[in-house]
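Novice: So I've got this file, upload-v2.cif, and it contains mmCIF, C-alpha atoms:
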data_upload
loop_
_atom_site.label_atom_id
_atom_site.label_comp_id
_atom_site.auth_asym_id
_atom_site.auth_seq_id
_atom_site.Cartn_x
_atom_site.Cartn_y
_atom_site.Cartn_z
CA MET A 1426 -10.00 53.78 -5.48
CA GLU A 1427 -12.61 55.87 -3.70
CA GLN A 1428 -11.37 58.91 -5.55
CA ASP A 1429 -11.86 56.95 -8.74
CA GLU A 1430 -15.44 56.16 -7.85
CA LYS A 1431 -16.16 59.84 -7.10
CA GLN A 1432 -14.85 60.86 -10.50
CA PHE A 1433 -16.87 58.22 -12.15
CA GLU A 1434 -20.00 59.54 -10.49
CA THR A 1435 -19.48 62.96 -12.02
CA VAL A 1436 -19.38 61.27 -15.43
CA ILE A 1437 -22.64 59.47 -14.71
CA ASP A 1438 -24.27 62.62 -13.35
CA LYS A 1439 -23.50 64.33 -16.63
CA MET A 1440 -24.95 61.36 -18.46
CA ALA A 1441 -28.13 61.53 -16.39
CA GLU A 1442 -28.42 65.22 -17.21
CA LEU A 1443 -28.12 64.46 -20.92
CA LYS A 1444 -30.84 61.86 -20.66
CA ASP A 1445 -33.19 64.07 -18.62
CA THR A 1446 -32.67 67.02 -20.94
CA SER A 1447 -33.39 64.97 -24.04
CA GLU A 1448 -36.62 63.70 -22.52
CA LEU A 1449 -37.69 67.17 -21.44
CA MET A 1450 -37.06 68.29 -25.02
CA ILE A 1451 -39.38 65.64 -26.42
CA ASP A 1452 -42.17 66.71 -24.04
CA LEU A 1453 -41.69 70.36 -24.89
CA ALA A 1454 -41.48 69.68 -28.63
CA TYR A 1455 -44.79 67.82 -28.72
CA SER A 1456 -46.34 70.55 -26.59
CA SER A 1457 -45.07 73.23 -28.96
CA LEU A 1458 -46.91 71.47 -31.78
CA LEU A 1459 -50.03 71.00 -29.76
CA LEU A 1460 -50.21 74.67 -28.83
CA ASN A 1461 -48.60 75.89 -32.05
CA SER A 1462 -46.32 77.81 -29.69
CA ARG A 1463 -43.19 79.44 -31.07
CA GLU A 1464 -42.14 80.21 -27.52
CA LEU A 1465 -41.98 76.56 -26.54
CA ALA A 1466 -40.38 75.62 -29.84
CA GLU A 1467 -37.68 78.19 -29.17
CA GLU A 1468 -37.10 76.70 -25.73
CA VAL A 1469 -36.53 73.37 -27.43
CA HIS A 1470 -33.85 74.99 -29.56
CA ALA A 1471 -32.28 76.66 -26.57
CA LEU A 1472 -32.15 73.26 -24.92
CA GLU A 1473 -30.54 71.76 -27.97
CA ASN A 1474 -27.66 74.21 -27.59
CA ARG A 1475 -27.47 73.23 -23.96
CA MET A 1476 -27.34 69.58 -25.01
CA ASP A 1477 -24.40 70.28 -27.31
CA ASP A 1478 -22.49 71.88 -24.43
CA LEU A 1479 -23.39 69.09 -22.04
CA HIS A 1480 -22.35 66.46 -24.51
CA THR A 1481 -18.98 68.13 -25.05
CA GLU A 1482 -18.43 68.41 -21.30
CA PHE A 1483 -19.35 64.77 -20.94
CA GLU A 1484 -16.95 63.66 -23.65
CA LEU A 1485 -14.14 65.72 -22.18
CA LEU A 1486 -14.77 64.20 -18.75
CA VAL A 1487 -14.54 60.73 -20.21
CA LEU A 1488 -11.45 61.51 -22.28
CA THR A 1489 -9.51 63.01 -19.39
CA ARG A 1490 -9.92 59.94 -17.26
CA CYS A 1491 -7.31 57.27 -17.34
CA ILE A 1492 -9.33 54.32 -18.42
CA THR A 1493 -7.90 50.89 -17.87
CA PRO A 1494 -8.44 48.21 -20.50
CA GLU A 1495 -10.86 46.42 -18.18
CA GLN A 1496 -12.97 49.57 -17.84
CA SER A 1497 -13.06 50.38 -21.51
CA ARG A 1498 -16.23 48.46 -22.33
CA ASP A 1499 -18.17 50.07 -19.49
CA PHE A 1500 -17.12 53.47 -20.75
CA LEU A 1501 -17.97 52.63 -24.33
CA GLY A 1502 -21.48 51.85 -23.14
CA LEU A 1503 -21.68 55.31 -21.59
CA ILE A 1504 -20.35 57.04 -24.68
CA ARG A 1505 -22.97 55.30 -26.79
CA LEU A 1506 -25.76 56.23 -24.35
CA ALA A 1507 -24.76 59.87 -24.54
CA LEU A 1508 -24.85 59.69 -28.31
CA VAL A 1509 -28.36 58.29 -28.16
CA ALA A 1510 -29.51 61.14 -25.93
CA GLU A 1511 -28.03 63.54 -28.46
CA ASN A 1512 -29.94 61.85 -31.30
CA ILE A 1513 -33.16 62.04 -29.33
CA ALA A 1514 -32.54 65.73 -28.74
CA ASP A 1515 -32.07 66.23 -32.48
CA ALA A 1516 -35.36 64.50 -33.14
CA ALA A 1517 -37.07 66.79 -30.63
CA ALA A 1518 -35.58 69.82 -32.36
CA GLN A 1519 -36.87 68.50 -35.68
CA ILE A 1520 -40.38 68.33 -34.24
CA ALA A 1521 -40.13 71.87 -32.88
CA ASP A 1522 -38.89 73.05 -36.30
CA VAL A 1523 -42.31 72.39 -37.79
CA VAL A 1524 -43.60 75.21 -35.59
CA LEU A 1525 -40.63 77.52 -36.16
CA ARG A 1526 -40.93 77.16 -39.93
CA GLY A 1527 -44.39 78.61 -39.68
CA LEU A 1528 -46.08 75.47 -40.97
CA LYS A 1529 -49.57 75.39 -39.62
CA PRO A 1530 -49.73 72.11 -37.70
CA HIS A 1531 -52.01 69.67 -39.50
CA PRO A 1532 -55.03 68.71 -37.36
CA VAL A 1533 -53.80 65.13 -37.43
CA LEU A 1534 -50.80 66.15 -35.35
CA ARG A 1535 -52.96 67.61 -32.68
CA LEU A 1536 -55.13 64.51 -32.59
CA ALA A 1537 -52.09 62.30 -32.35
CA ILE A 1538 -50.64 64.16 -29.39
CA ARG A 1539 -53.54 63.03 -27.38
CA GLU A 1540 -53.16 64.31 -23.91
CA ALA A 1541 -54.89 67.41 -25.12
CA GLU A 1542 -56.21 68.29 -21.71
CA GLU A 1543 -52.70 68.34 -20.34
CA THR A 1544 -50.69 71.35 -21.32
CA VAL A 1545 -47.21 72.69 -20.86
CA MET A 1546 -46.59 76.35 -20.15
CA ARG A 1547 -43.71 78.65 -19.42
CA VAL A 1548 -44.12 81.41 -16.86
CA PRO A 1549 -41.66 84.15 -16.00
CA ILE A 1550 -41.26 84.93 -12.30
CA SER A 1551 -41.79 88.60 -11.63
CA LYS A 1552 -40.24 90.60 -8.80
CA SER A 1553 -43.44 90.71 -6.78
CA SER A 1554 -44.17 87.00 -7.04
CA VAL A 1555 -44.73 85.18 -3.77
CA LEU A 1556 -42.46 82.44 -5.08
CA VAL A 1557 -39.31 84.58 -5.11
CA GLY A 1558 -36.87 83.43 -2.41
CA LYS A 1559 -38.74 80.21 -1.73
CA SER A 1560 -37.31 76.79 -2.41
CA LEU A 1561 -39.44 74.60 -4.66
CA GLN A 1562 -40.20 72.49 -1.63
CA GLU A 1563 -41.58 75.52 0.24
CA ALA A 1564 -43.31 76.89 -2.83
CA GLN A 1565 -45.69 73.92 -3.06
CA VAL A 1566 -46.48 74.76 -6.67
CA HIS A 1567 -48.16 71.44 -7.33
CA GLU A 1568 -50.32 71.61 -4.22
CA GLU A 1569 -51.35 75.20 -4.99
CA THR A 1570 -51.96 74.94 -8.72
CA GLY A 1571 -51.95 71.31 -9.81
CA MET A 1572 -49.09 72.10 -12.20
CA TRP A 1573 -45.79 70.20 -12.09
CA VAL A 1574 -42.56 72.11 -12.53
CA LEU A 1575 -40.57 70.33 -15.25
CA ALA A 1576 -37.60 72.67 -15.35
CA VAL A 1577 -36.37 76.07 -14.26
CA ARG A 1578 -34.61 78.27 -16.75
CA ARG A 1579 -32.24 80.84 -15.28
CA GLY A 1580 -30.56 82.92 -17.94
CA ASP A 1581 -28.80 80.41 -20.12
CA THR A 1582 -28.81 77.60 -17.62
CA TRP A 1583 -31.41 75.01 -16.92
CA LEU A 1584 -32.03 73.65 -13.49
CA LYS A 1585 -33.68 70.41 -12.66
CA PRO A 1586 -36.61 71.02 -10.29
CA LYS A 1587 -34.94 69.65 -7.16
CA PRO A 1588 -36.68 70.52 -3.87
CA ASP A 1589 -33.83 72.80 -2.75
CA VAL A 1590 -33.81 75.03 -5.85
CA VAL A 1591 -34.65 78.56 -4.70
CA VAL A 1592 -36.86 80.50 -7.11
CA ALA A 1593 -35.44 83.86 -8.18
CA GLU A 1594 -36.82 86.89 -9.98
CA GLY A 1595 -36.46 86.46 -13.73
CA ASP A 1596 -36.54 82.66 -13.61
CA ILE A 1597 -38.74 80.97 -16.14
CA LEU A 1598 -40.67 77.97 -14.93
CA ILE A 1599 -41.68 75.28 -17.37
CA ALA A 1600 -44.65 73.46 -15.93
CA ALA A 1601 -47.11 70.82 -17.06
CA GLY A 1602 -50.58 69.98 -15.87
CA TYR A 1603 -54.23 70.37 -16.59
CA ALA A 1604 -55.37 73.55 -18.24
CA GLY A 1605 -57.27 74.67 -15.13
CA GLY A 1606 -54.08 75.20 -13.18
CA GLN A 1607 -52.55 77.60 -15.67
CA GLU A 1608 -54.25 80.71 -14.40
CA ASP A 1609 -53.36 79.87 -10.81
CA LEU A 1610 -49.71 79.43 -11.69
CA LYS A 1611 -49.66 82.67 -13.66
CA GLN A 1612 -51.00 84.49 -10.63
CA LEU A 1613 -48.42 82.97 -8.33
CA ALA A 1614 -45.64 83.88 -10.74
CA SER A 1615 -46.79 87.41 -11.48
CA GLY A 1616 -47.65 88.36 -7.93
CA LYS A 1617 -50.87 89.97 -9.05
CA PRO A 1618 -53.97 89.14 -7.04
CA ALA A 1619 -56.82 87.36 -8.78
CA MET B 966 -29.18 41.77 -40.27
CA GLY B 967 -32.68 40.31 -40.05
CA THR B 968 -35.09 39.99 -42.92
CA MET B 969 -37.16 42.99 -43.80
CA ASP B 970 -40.86 42.93 -44.36
CA LYS B 971 -42.14 43.71 -47.79
CA ILE B 972 -44.08 46.92 -47.67
CA GLN B 973 -47.48 47.01 -49.30
CA TYR B 974 -49.85 49.90 -49.23
CA ARG B 975 -52.79 49.46 -46.91
CA PRO B 976 -55.42 52.12 -46.39
CA ILE B 977 -54.84 53.13 -42.76
CA PRO B 978 -55.64 56.67 -41.61
CA VAL B 979 -52.53 58.83 -41.17
CA ARG B 980 -53.71 59.73 -37.71
CA ASP B 981 -53.79 56.09 -36.56
CA LEU B 982 -50.35 55.45 -37.99
CA LEU B 983 -48.91 58.49 -36.26
CA VAL B 984 -50.50 57.64 -32.91
CA GLU B 985 -49.14 54.13 -33.12
CA MET B 986 -45.66 55.29 -34.06
CA LYS B 987 -45.60 57.82 -31.22
CA ASP B 988 -46.82 55.32 -28.61
CA MET B 989 -44.34 52.72 -29.80
CA SER B 990 -41.41 55.12 -29.78
CA GLU B 991 -42.17 56.13 -26.19
CA LEU B 992 -42.46 52.54 -25.05
CA MET B 993 -39.19 51.77 -26.86
CA ILE B 994 -37.24 54.44 -25.02
CA ASP B 995 -38.48 53.13 -21.67
CA LEU B 996 -37.77 49.54 -22.61
CA ALA B 997 -34.37 50.36 -24.04
CA TYR B 998 -33.11 52.20 -20.97
CA SER B 999 -34.43 49.39 -18.78
CA SER B 1000 -32.67 46.81 -20.93
CA ALA B 1001 -29.43 48.75 -20.53
CA LEU B 1002 -29.76 49.21 -16.79
CA PHE B 1003 -30.58 45.60 -16.08
CA ASN B 1004 -28.48 44.23 -18.89
CA SER B 1005 -31.53 42.39 -20.19
CA ARG B 1006 -31.23 40.82 -23.63
CA GLU B 1007 -34.92 39.90 -23.51
CA LEU B 1008 -36.02 43.51 -23.25
CA ALA B 1009 -33.45 44.58 -25.81
CA GLU B 1010 -34.84 42.11 -28.31
CA GLU B 1011 -38.38 43.43 -27.81
CA VAL B 1012 -37.03 46.87 -28.61
CA LEU B 1013 -35.70 45.59 -31.93
CA GLU B 1014 -39.08 44.02 -32.72
CA LEU B 1015 -40.74 47.36 -32.08
CA GLU B 1016 -38.19 49.13 -34.20
CA LYS B 1017 -39.12 46.97 -37.17
CA CYS B 1018 -42.79 47.83 -36.64
CA VAL B 1019 -42.07 51.55 -36.50
CA ASP B 1020 -40.00 51.33 -39.70
CA SER B 1021 -42.87 49.66 -41.52
CA LEU B 1022 -45.41 52.14 -40.16
CA ALA B 1023 -43.21 55.01 -41.36
CA TYR B 1024 -43.40 53.70 -44.92
CA LEU B 1025 -47.16 53.29 -44.72
CA LEU B 1026 -47.53 56.79 -43.33
CA ASP B 1027 -45.48 58.33 -46.11
CA MET B 1028 -47.54 56.49 -48.71
CA SER B 1029 -50.83 57.59 -47.17
CA ALA B 1030 -49.61 61.16 -47.00
CA MET B 1031 -48.56 61.06 -50.67
CA ILE B 1032 -51.96 59.82 -51.73
CA ALA B 1033 -53.71 62.51 -49.70
CA VAL B 1034 -51.95 65.43 -51.37
CA ARG B 1035 -53.89 67.07 -54.18
CA ASN B 1036 -52.56 70.62 -54.24
CA PRO B 1037 -49.83 72.87 -52.84
CA SER B 1038 -51.77 73.74 -49.73
CA ASP B 1039 -52.29 70.04 -48.90
CA ALA B 1040 -48.57 69.58 -49.36
CA GLU B 1041 -47.74 72.46 -47.03
CA SER B 1042 -50.02 71.12 -44.39
CA LEU B 1043 -48.93 67.49 -44.63
CA VAL B 1044 -45.18 68.05 -44.83
CA GLY B 1045 -45.22 68.78 -41.10
CA VAL B 1046 -46.79 65.39 -40.44
CA SER B 1047 -44.10 63.73 -42.46
CA VAL B 1048 -41.34 65.64 -40.63
CA VAL B 1049 -42.77 64.64 -37.25
CA ALA B 1050 -43.10 61.01 -38.36
CA SER B 1051 -39.48 60.98 -39.41
CA ALA B 1052 -38.47 62.49 -36.05
CA ILE B 1053 -40.42 59.73 -34.30
CA ASN B 1054 -38.60 57.21 -36.45
CA LYS B 1055 -35.31 58.75 -35.33
CA ILE B 1056 -36.33 58.35 -31.70
CA SER B 1057 -37.15 54.73 -32.32
CA ASP B 1058 -33.77 54.24 -34.01
CA ALA B 1059 -32.12 55.82 -30.98
CA ALA B 1060 -33.86 53.30 -28.74
CA GLY B 1061 -32.65 50.57 -31.07
CA ASP B 1062 -29.10 51.86 -30.61
CA ILE B 1063 -29.44 51.52 -26.84
CA SER B 1064 -30.56 47.93 -27.16
CA ALA B 1065 -27.61 47.27 -29.46
CA ILE B 1066 -25.31 48.23 -26.57
CA VAL B 1067 -26.83 45.33 -24.64
CA LEU B 1068 -27.05 42.85 -27.49
CA ARG B 1069 -23.44 43.39 -28.50
CA GLY B 1070 -22.33 42.78 -24.94
CA ILE B 1071 -20.74 46.20 -24.53
CA GLY B 1072 -22.18 46.66 -21.10
CA ILE B 1073 -22.77 49.62 -18.88
CA HIS B 1074 -20.96 50.21 -15.63
CA PRO B 1075 -22.97 48.91 -12.66
CA LEU B 1076 -22.65 52.28 -10.92
CA VAL B 1077 -24.83 53.82 -13.61
CA ARG B 1078 -27.83 52.08 -12.15
CA LYS B 1079 -27.54 54.07 -8.93
CA VAL B 1080 -27.94 57.36 -10.74
CA PHE B 1081 -30.60 56.33 -13.20
CA GLU B 1082 -32.90 54.54 -10.85
CA LYS B 1083 -35.03 57.39 -9.68
CA VAL B 1084 -37.89 55.22 -8.61
CA GLU B 1085 -38.15 51.71 -7.40
CA GLU B 1086 -39.89 50.74 -10.61
CA ARG B 1087 -38.83 48.29 -13.21
CA LEU B 1088 -40.00 47.20 -16.60
CA THR B 1089 -40.25 43.55 -17.40
CA ARG B 1090 -41.37 41.12 -20.03
CA VAL B 1091 -43.39 38.06 -19.09
CA GLU B 1092 -45.01 35.40 -21.22
CA VAL B 1093 -48.53 34.15 -20.52
CA LYS B 1094 -48.30 30.34 -20.49
CA PRO B 1095 -51.34 28.22 -21.48
CA ASP B 1096 -52.04 27.08 -17.91
CA SER B 1097 -51.86 30.56 -16.38
CA ILE B 1098 -54.91 31.94 -14.59
CA LEU B 1099 -54.45 35.09 -16.69
CA VAL B 1100 -55.65 33.39 -19.88
CA GLY B 1101 -59.09 34.63 -20.86
CA ARG B 1102 -59.15 37.39 -18.24
CA ARG B 1103 -59.71 41.03 -19.07
CA ARG B 1104 -56.87 43.36 -18.20
CA GLY B 1105 -59.11 45.69 -16.20
CA ASP B 1106 -60.56 42.85 -14.09
CA LEU B 1107 -57.14 41.85 -12.83
CA LYS B 1108 -56.79 45.10 -10.86
CA LEU B 1109 -53.03 44.75 -11.00
CA ALA B 1110 -52.36 48.27 -9.81
CA SER B 1111 -54.13 47.89 -6.47
CA ARG B 1112 -53.29 44.22 -6.06
CA ILE B 1113 -49.55 44.14 -6.76
CA GLY B 1114 -48.62 47.68 -7.75
CA THR B 1115 -47.92 46.86 -11.38
CA ASN B 1116 -49.37 47.88 -14.68
CA ILE B 1117 -49.40 46.21 -18.10
CA ILE B 1118 -48.21 48.90 -20.50
CA ALA B 1119 -48.06 46.81 -23.66
CA ILE B 1120 -48.92 43.39 -25.03
CA ARG B 1121 -47.19 41.66 -27.90
CA ARG B 1122 -49.37 39.05 -29.57
CA GLY B 1123 -47.32 37.28 -32.19
CA ARG B 1124 -46.13 40.15 -34.30
CA ASP B 1125 -48.86 42.56 -33.27
CA TRP B 1126 -48.37 45.13 -30.56
CA ILE B 1127 -51.08 46.57 -28.35
CA ILE B 1128 -49.66 49.63 -26.63
CA ASN B 1129 -51.47 50.99 -23.57
CA PRO B 1130 -54.06 48.17 -23.74
CA LYS B 1131 -57.65 48.99 -22.86
CA GLU B 1132 -59.41 47.72 -19.74
CA ASP B 1133 -61.41 45.16 -21.71
CA GLU B 1134 -58.43 43.71 -23.56
CA MET B 1135 -58.61 39.92 -23.07
CA LEU B 1136 -55.31 38.22 -22.28
CA GLN B 1137 -54.46 35.15 -24.36
CA LYS B 1138 -52.00 32.34 -24.02
CA GLY B 1139 -48.69 33.20 -25.62
CA ASP B 1140 -49.13 36.93 -25.02
CA ILE B 1141 -45.94 38.73 -24.10
CA LEU B 1142 -46.76 41.30 -21.43
CA ILE B 1143 -44.62 44.35 -20.86
CA ALA B 1144 -45.29 45.48 -17.31
CA ARG B 1145 -44.09 48.24 -15.07
CA GLY B 1146 -44.02 48.19 -11.31
CA ALA B 1147 -42.21 47.49 -8.07
CA PRO B 1148 -39.84 44.50 -8.20
CA LEU B 1149 -41.95 42.33 -5.87
CA GLY B 1150 -45.15 42.88 -7.81
CA ILE B 1151 -43.35 42.21 -11.06
CA GLU B 1152 -42.07 38.91 -9.68
CA GLU B 1153 -45.57 37.88 -8.61
CA LEU B 1154 -46.94 38.75 -12.03
CA ARG B 1155 -44.23 36.62 -13.64
CA GLN B 1156 -45.09 33.63 -11.49
CA VAL B 1157 -48.80 33.99 -12.17
CA ALA B 1158 -48.24 34.42 -15.91
CA GLU B 1159 -46.00 31.39 -16.08
CA GLY B 1160 -48.54 29.27 -14.24
CA ILE B 1161 -46.27 28.71 -11.24
CA LEU B 1162 -48.67 30.53 -8.93
CA LYS B 1163 -52.29 29.45 -9.34
CA SER B 1164 -53.75 32.31 -7.35
CA TRP B 1165 -52.68 35.74 -6.19
CA ARG B 1166 -51.00 36.00 -2.86
CA ASN B 1167 -53.44 37.66 -0.49
CA ARG B 1168 -51.79 40.89 0.40
CA ARG B 1169 -53.32 43.67 -1.57
CA GLY B 1170 -50.54 46.19 -1.94
CA ALA B 1171 -49.32 45.52 1.59
CA ARG B 1172 -45.68 45.10 0.66
CA ARG B 1173 -45.54 47.63 -2.08
CA LYS B 1174 -42.81 49.62 -0.36
CA ALA B 1175 -40.52 46.68 0.39
CA VAL B 1176 -37.26 46.58 -1.57
#
Show me the file's structure as structure tokens.
Specialist:
Amino acid sequence: MEQDEKQFETVIDKMAELKDTSELMIDLAYSSLLLNSRELAEEVHALENRMDDLHTEFELLVLTRCITPEQSRDFLGLIRLALVAENIADAAAQIADVVLRGLKPHPVLRLAIREAEETVMRVPISKSSVLVGKSLQEAQVHEETGMWVLAVRRGDTWLKPKPDVVVAEGDILIAAGYAGGQEDLKQLASGKPA
Amino acid sequence: MGTMDKIQYRPIPVRDLLVEMKDMSELMIDLAYSSALFNSRELAEEVLELEKCVDSLAYLLDMSAMIAVRNPSDAESLVGVSVVASAINKISDAAGDISAIVLRGIGIHPLVRKVFEKVEERLTRVEVKPDSILVGRRRGDLKLASRIGTNIIAIRRGRDWIINPKEDEMLQKGDILIARGAPLGIEELRQVAEGILKSWRNRRGARRKAV
């Protein structure tokens, strides 16, 4: 029974990852429009591929479990939730497409995405950065720069910004915050003095 | 299948329509996940109400965009707006699908709540009854955040929605408040809104951390 519960938790963890990723994609997609940034729009597309993989893994996990008739409704609910996350991810990709298609964002779009003073940026971590080898908890990025780390991209994988994630050379941090913190974060990430 | 509203063109700026659609879609996602986690039909039904609004707004937006186009360069610049609006509509449909899980009684395993509940915050829906002390008060004057650790994130007044209401928004009887906050604060807001409590309990934020 306990074993069963453990297995079930891995299914739910996957589900949570799908949900978190889809929401991150929406944030990034709006930001790509706001900044007319191909870079961010491309991240949204990279995440969409990640979503497809995650969704497949999730479905396989569900399918390989022996589900009793009494459990079937609970699992159907999960399957539907995952589908919703997938649809949200598609919508995010559609928003990012406007940028990738080279359409100049209409001013109305920028006005509608109101938090104009809040921006999202992606910063690569260089070898000489003071952040390399530090966990996010030790790095104190928010305290130092006012920017929040939304996600860490490492090669093809995406990490949630948990406190124990150790920053490595070549990581790309996706961070949000007020424009003033951008320069500070760039300095931390590049290792170059001000 | 409910009845659908007849759509008639009204001159509303595209920008306003888009802002409203975006705000509504974001509220819907929050509400929908909450309805699923707490198996709340009430919240799920509010999501469906919002979905109808977003559908209607999408029509109005398309019409306004069509009228605004005079030449190819207008078309190139406005097609992006229309693509984004349709993406927002998709997001709102997705939220509607979540609420359908609840309304059709499919259910979600109770263990899911453990993983999804990152914070001790909940969303709720409360109705302002005629004899509530909230009637006629401005949202900002209530100081809900410091008093009970909750925040009114939307108001439904009949069929109108006010998303992220301003400080000077006056609460009226019959308003449906969508509020976010810690469970205890939410419960106090419900009792005050329903007229059960005639004054706030005097403990400004003192028990905010209690479970």
Novice: Please determine the contact residues of chain B with respect to chain A at a cut-off of 8 Å, counting all atoms listed in the file, and supply them as a count of residues only.
Specialist: 30
Novice: Determine the residue set returned by the PyMOL selection byres ((chain B and resi 1140) around 7) for the present structure, and present it as JSON, numbers by chain.
Specialist: {"B": [1092, 1093, 1120, 1121, 1122, 1136, 1137, 1138, 1139, 1141, 1142]}
Novice: Name the residues that the PyMOL selection byres ((chain B and resi 1001-1008) around 9) picks from the file above, as a list of chain:residue names, using the file's chain letters and numbers.
Specialist: A:Gly1502, B:Leu996, B:Ala997, B:Tyr998, B:Ser999, B:Ser1000, B:Ala1009, B:Glu1010, B:Glu1011, B:Val1012, B:Leu1013, B:Ile1063, B:Ser1064, B:Ile1066, B:Val1067, B:Leu1068, B:Gly1070, B:Gly1072, B:Ile1073, B:His1074, B:Pro1075, B:Val1077, B:Arg1078, B:Phe1081, B:Glu1082, B:Leu1088, B:Thr1089, B:Arg1090, B:Ile1143
Novice: For Thr1115 in chain B, which residue among B:Leu1149, B:Pro1095, B:Asp1133, B:Arg1102 is the nearest when counting all atoms listed in the file?
Specialist: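 Ranked by minimum distance to Thr1115 in chain B, first place goes to B:Leu1149.
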Novice: Taking all atoms listed in the file into account, name the residue in B:Ala1147, B:Leu992, B:Val1044, B:Ala1033 that is nearest to Val1019 in chain B.
Specialist: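 The closest residue to Val1019 in chain B is B:Leu992.
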Novice: Would you please work out which residue, of A:Arg1490, A:Gly1605, A:Arg1547, A:Ala1466, is nearest to Lys1431 in chain A when using all atoms listed in the file?
Specialist: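 Among the listed residues, A:Arg1490 lies closest to Lys1431 in chain A.
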Novice: Go through the shown structure with the PyMOL selection byres ((chain B and resi 1146) around 9) and write out the matching residues as a PyMOL selection string.
Specialist: chain B and resi 1085-1089+1110+1113-1117+1144-1145+1147-1151
Novice: Determine, counting all atoms listed in the file, which protein, DNA and RNA residues have an atom within 9 Å of an atom of Arg975 in chain B; residues of the same chain fewer than 6 positions away are not included. Present the result as an MDAnalysis selection string.
Specialist: chainID B and resid 1025 1028:1029
Novice: What is the distance between CA of Ser1456 in chain A and CA of Gly1061 in chain B, in Å to one decimal?
Specialist: 24.6 Å
Novice: Interatomic distance between CA of Glu1132 in chain B and CA of Ala1050 in chain B?
Specialist: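 Going from CA of Glu1132 in chain B over to CA of Ala1050 in chain B, I get 28.1 Å.
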Novice: Report, in Å with one decimal, the straight-line distance from CA of Val1548 in chain A to CA of Ala1614 in chain A.
Specialist: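 Here the two named atoms are 6.8 Å from each other.
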